[in-house]
Amino acid sequence: QVQLVESGGGFVQAGGSLRLSCTAPGRIFDFDAMYWYRQAPEKEREHVAGLTRGGTKAYSDSVKGRFTISRDNARTTLYLDMDNLRPDDTAVYFCHVLLGPGNYWGQGTQVTVSS
């Protein structure tokens, strides 16, 4: 079982920036694939960014050029740096990882962007 804990969400004005963090208490942050998803009110959960163990990164078109997924060299934390935030980025952001046959989700952190 893998526990994931997100942090860093908050309230920001349009054009601002936030950094989200995700940790896995009790273990190094090293998984087959690592993702950020988000879910806005009354919408389906959607993929935002992904990072493979090999270092390949991928982004949804809606965040490309504004968001950056990364992991620290010590492999303790997964990050999502979000710049030039827009009101339509408002959502609960979730950390999601794949490890063997399992997939695990964090509890989410709220990001609210005002216009």
# chains A, B, ... in the order shown; residues from 1 in each chain; ligands from 1
call {"tool": "residues_around", "arguments": {"residues": "Val63 of chain A", "least_positions_apart": "5", "cutoff": "12 Å", "atoms": "only C-alpha atoms", "output": "list of chain:residue names"}}
result
A:Trp36, A:Tyr37, A:Arg38, A:Glu46, A:His47, A:Val48, A:Ala49, A:Gly50, A:Ala58, A:Thr68, A:Ile69, A:Leu80, A:Asp81, A:Met82, A:Asp83, A:Asn84, A:Leu85, A:Arg86, A:Asp88, A:Asp89
call {"tool": "select_by_dssp", "arguments": {"residues": "segment 3-93 of chain A", "states": "strand (DSSP E)", "output": "NGL selection string"}}
result
:A and (5-7 or 10-13 or 18-23 or 33-39 or 46-52 or 57-59 or 67-71 or 77-82 or 91-93)
call {"tool": "write_last_selection", "arguments": {"atoms": "C-alpha atoms", "output": "PDB file, in the first residue's frame"}}
result
ATOM      1  CA  VAL A   5       0.092  13.319   0.516  1.00  0.00           C
ATOM      2  CA  GLU A   6      -0.361  16.481  -1.556  1.00  0.00           C
ATOM      3  CA  SER A   7       0.243  20.009  -0.356  1.00  0.00           C
ATOM      4  CA  GLY A  10      -4.369  27.629  -2.193  1.00  0.00           C
ATOM      5  CA  PHE A  11      -5.978  30.766  -3.491  1.00  0.00           C
ATOM      6  CA  VAL A  12      -4.212  32.843  -6.138  1.00  0.00           C
ATOM      7  CA  GLN A  13      -5.092  35.565  -8.588  1.00  0.00           C
ATOM      8  CA  LEU A  18       1.752  27.934  -7.163  1.00  0.00           C
ATOM      9  CA  ARG A  19       3.895  24.894  -6.469  1.00  0.00           C
ATOM     10  CA  LEU A  20       2.191  21.652  -5.532  1.00  0.00           C
ATOM     11  CA  SER A  21       4.081  18.885  -3.750  1.00  0.00           C
ATOM     12  CA  CYS A  22       3.377  15.202  -3.309  1.00  0.00           C
ATOM     13  CA  THR A  23       5.192  12.900  -0.917  1.00  0.00           C
ATOM     14  CA  ALA A  33       4.968   6.473 -13.481  1.00  0.00           C
ATOM     15  CA  MET A  34       3.934   9.586 -11.584  1.00  0.00           C
ATOM     16  CA  TYR A  35       1.105  11.938 -12.487  1.00  0.00           C
ATOM     17  CA  TRP A  36      -0.850  14.979 -11.558  1.00  0.00           C
ATOM     18  CA  TYR A  37      -4.577  14.973 -12.263  1.00  0.00           C
ATOM     19  CA  ARG A  38      -7.238  17.555 -11.491  1.00  0.00           C
ATOM     20  CA  GLN A  39     -10.980  17.632 -11.088  1.00  0.00           C
ATOM     21  CA  GLU A  46      -8.432  14.844 -16.110  1.00  0.00           C
ATOM     22  CA  HIS A  47      -4.753  14.211 -16.664  1.00  0.00           C
ATOM     23  CA  VAL A  48      -2.531  17.278 -16.215  1.00  0.00           C
ATOM     24  CA  ALA A  49       1.062  16.056 -16.321  1.00  0.00           C
ATOM     25  CA  GLY A  50       3.030  12.841 -16.152  1.00  0.00           C
ATOM     26  CA  LEU A  51       6.589  11.729 -15.446  1.00  0.00           C
ATOM     27  CA  THR A  52       8.000   8.256 -16.040  1.00  0.00           C
ATOM     28  CA  LYS A  57       7.419  14.092 -19.280  1.00  0.00           C
ATOM     29  CA  ALA A  58       4.025  14.727 -20.818  1.00  0.00           C
ATOM     30  CA  TYR A  59       1.444  17.473 -20.417  1.00  0.00           C
ATOM     31  CA  PHE A  67       2.995  23.854 -15.818  1.00  0.00           C
ATOM     32  CA  THR A  68       6.114  21.815 -15.084  1.00  0.00           C
ATOM     33  CA  ILE A  69       6.252  18.397 -13.443  1.00  0.00           C
ATOM     34  CA  SER A  70       9.455  17.393 -11.679  1.00  0.00           C
ATOM     35  CA  ARG A  71      10.915  15.307  -8.905  1.00  0.00           C
ATOM     36  CA  THR A  77       8.894  14.703  -3.575  1.00  0.00           C
ATOM     37  CA  LEU A  78       6.961  15.113  -6.818  1.00  0.00           C
ATOM     38  CA  TYR A  79       6.256  18.704  -7.801  1.00  0.00           C
ATOM     39  CA  LEU A  80       3.912  20.554 -10.080  1.00  0.00           C
ATOM     40  CA  ASP A  81       4.999  24.128 -10.752  1.00  0.00           C
ATOM     41  CA  MET A  82       2.085  26.107 -12.092  1.00  0.00           C
ATOM     42  CA  ALA A  91      -9.771  22.365  -9.362  1.00  0.00           C
ATOM     43  CA  VAL A  92      -8.748  19.794  -6.816  1.00  0.00           C
ATOM     44  CA  TYR A  93      -5.342  18.494  -7.848  1.00  0.00           C
TER      45      TYR A  93
END
call {"tool": "closest_residue", "arguments": {"among": "A:Ala24, A:Ala40, A:Ala14, A:Val113", "to": "Val97 of chain A", "atoms": "only C-alpha atoms"}}
result
A:Ala24
call {"tool": "atom_distance", "arguments": {"atom1": "atom CA of Trp105 of chain A", "atom2": "atom CA of Leu4 of chain A"}}
result
6.4 Å
call {"tool": "atom_distance", "arguments": {"atom1": "atom CA of Leu98 of chain A", "atom2": "atom CA of Ser17 of chain A"}}
result
27.4 Å
call {"tool": "decode", "arguments": {"residues": "segment 50-65 of chain A", "atoms": "all heavy atoms", "output": "short mmCIF file (atom, residue, chain, number, x, y, z; two decimals), in the first residue's frame"}}
result
data_model
loop_
_atom_site.label_atom_id
_atom_site.label_comp_id
_atom_site.auth_asym_id
_atom_site.auth_seq_id
_atom_site.Cartn_x
_atom_site.Cartn_y
_atom_site.Cartn_z
N GLY A 50 2.51 14.14 -16.53
CA GLY A 50 3.03 12.84 -16.15
C GLY A 50 4.54 12.78 -16.26
O GLY A 50 5.15 13.52 -17.05
N LEU A 51 5.14 11.91 -15.47
CA LEU A 51 6.59 11.73 -15.45
C LEU A 51 6.88 10.25 -15.26
O LEU A 51 6.40 9.64 -14.30
CB LEU A 51 7.20 12.53 -14.29
CG LEU A 51 8.68 12.32 -14.00
CD1 LEU A 51 9.53 12.83 -15.17
CD2 LEU A 51 9.08 13.04 -12.71
N THR A 52 7.64 9.66 -16.18
CA THR A 52 8.00 8.26 -16.04
C THR A 52 9.27 8.12 -15.21
O THR A 52 10.02 9.09 -15.02
CB THR A 52 8.23 7.60 -17.40
OG1 THR A 52 9.42 8.16 -17.98
CG2 THR A 52 7.04 7.81 -18.32
N ARG A 53 9.54 6.91 -14.77
CA ARG A 53 10.77 6.68 -14.02
C ARG A 53 11.98 7.04 -14.86
O ARG A 53 12.99 7.50 -14.33
CB ARG A 53 10.84 5.22 -13.56
CG ARG A 53 12.12 4.89 -12.79
CD ARG A 53 12.11 3.45 -12.33
NE ARG A 53 11.36 3.30 -11.09
CZ ARG A 53 10.48 2.32 -10.88
NH1 ARG A 53 10.22 1.45 -11.83
NH2 ARG A 53 9.85 2.22 -9.72
N GLY A 54 11.87 6.86 -16.15
CA GLY A 54 12.98 7.18 -17.04
C GLY A 54 13.15 8.66 -17.33
O GLY A 54 14.11 9.07 -17.97
N GLY A 55 12.20 9.46 -16.85
CA GLY A 55 12.35 10.91 -17.00
C GLY A 55 11.52 11.54 -18.10
O GLY A 55 11.59 12.75 -18.31
N THR A 56 10.75 10.75 -18.82
CA THR A 56 9.91 11.32 -19.88
C THR A 56 8.74 12.07 -19.26
O THR A 56 8.08 11.56 -18.36
CB THR A 56 9.38 10.21 -20.79
OG1 THR A 56 10.48 9.52 -21.38
CG2 THR A 56 8.51 10.79 -21.90
N LYS A 57 8.50 13.26 -19.78
CA LYS A 57 7.42 14.09 -19.28
C LYS A 57 6.35 14.30 -20.36
O LYS A 57 6.67 14.31 -21.55
CB LYS A 57 7.95 15.45 -18.85
CG LYS A 57 8.98 15.38 -17.73
CD LYS A 57 9.48 16.75 -17.34
CE LYS A 57 10.54 16.66 -16.25
NZ LYS A 57 11.01 18.00 -15.81
N ALA A 58 5.13 14.46 -19.91
CA ALA A 58 4.02 14.73 -20.82
C ALA A 58 3.02 15.64 -20.13
O ALA A 58 2.87 15.58 -18.90
CB ALA A 58 3.34 13.43 -21.24
N TYR A 59 2.38 16.49 -20.94
CA TYR A 59 1.44 17.47 -20.42
C TYR A 59 0.18 17.49 -21.25
O TYR A 59 0.21 17.25 -22.46
CB TYR A 59 2.06 18.87 -20.43
CG TYR A 59 3.32 19.00 -19.62
CD1 TYR A 59 4.57 18.80 -20.19
CD2 TYR A 59 3.25 19.31 -18.26
CE1 TYR A 59 5.73 18.90 -19.43
CE2 TYR A 59 4.40 19.43 -17.49
CZ TYR A 59 5.63 19.21 -18.09
OH TYR A 59 6.77 19.32 -17.34
N SER A 60 -0.92 17.84 -20.61
CA SER A 60 -2.13 18.08 -21.38
C SER A 60 -1.97 19.38 -22.15
O SER A 60 -1.20 20.27 -21.74
CB SER A 60 -3.34 18.17 -20.45
OG SER A 60 -3.27 19.33 -19.65
N ASP A 61 -2.68 19.51 -23.23
CA ASP A 61 -2.56 20.70 -24.05
C ASP A 61 -2.95 21.96 -23.27
O ASP A 61 -2.39 23.04 -23.51
CB ASP A 61 -3.45 20.58 -25.29
CG ASP A 61 -2.90 19.58 -26.29
OD1 ASP A 61 -1.71 19.24 -26.20
OD2 ASP A 61 -3.68 19.14 -27.16
N SER A 62 -3.86 21.83 -22.35
CA SER A 62 -4.36 23.01 -21.63
C SER A 62 -3.33 23.61 -20.68
O SER A 62 -3.47 24.78 -20.29
CB SER A 62 -5.63 22.65 -20.85
OG SER A 62 -5.35 21.65 -19.88
N VAL A 63 -2.31 22.84 -20.31
CA VAL A 63 -1.31 23.36 -19.36
C VAL A 63 0.08 23.44 -19.95
O VAL A 63 1.01 23.97 -19.31
CB VAL A 63 -1.28 22.52 -18.07
CG1 VAL A 63 -2.67 22.39 -17.48
CG2 VAL A 63 -0.64 21.17 -18.30
N LYS A 64 0.26 22.94 -21.15
CA LYS A 64 1.59 22.91 -21.77
C LYS A 64 2.16 24.31 -21.87
O LYS A 64 1.48 25.25 -22.29
CB LYS A 64 1.48 22.27 -23.15
CG LYS A 64 2.78 21.74 -23.70
CD LYS A 64 2.53 20.96 -25.00
CE LYS A 64 1.72 19.71 -24.74
NZ LYS A 64 1.50 18.91 -25.98
N GLY A 65 3.41 24.46 -21.43
CA GLY A 65 4.05 25.76 -21.45
C GLY A 65 3.82 26.58 -20.20
O GLY A 65 4.48 27.61 -19.99
#
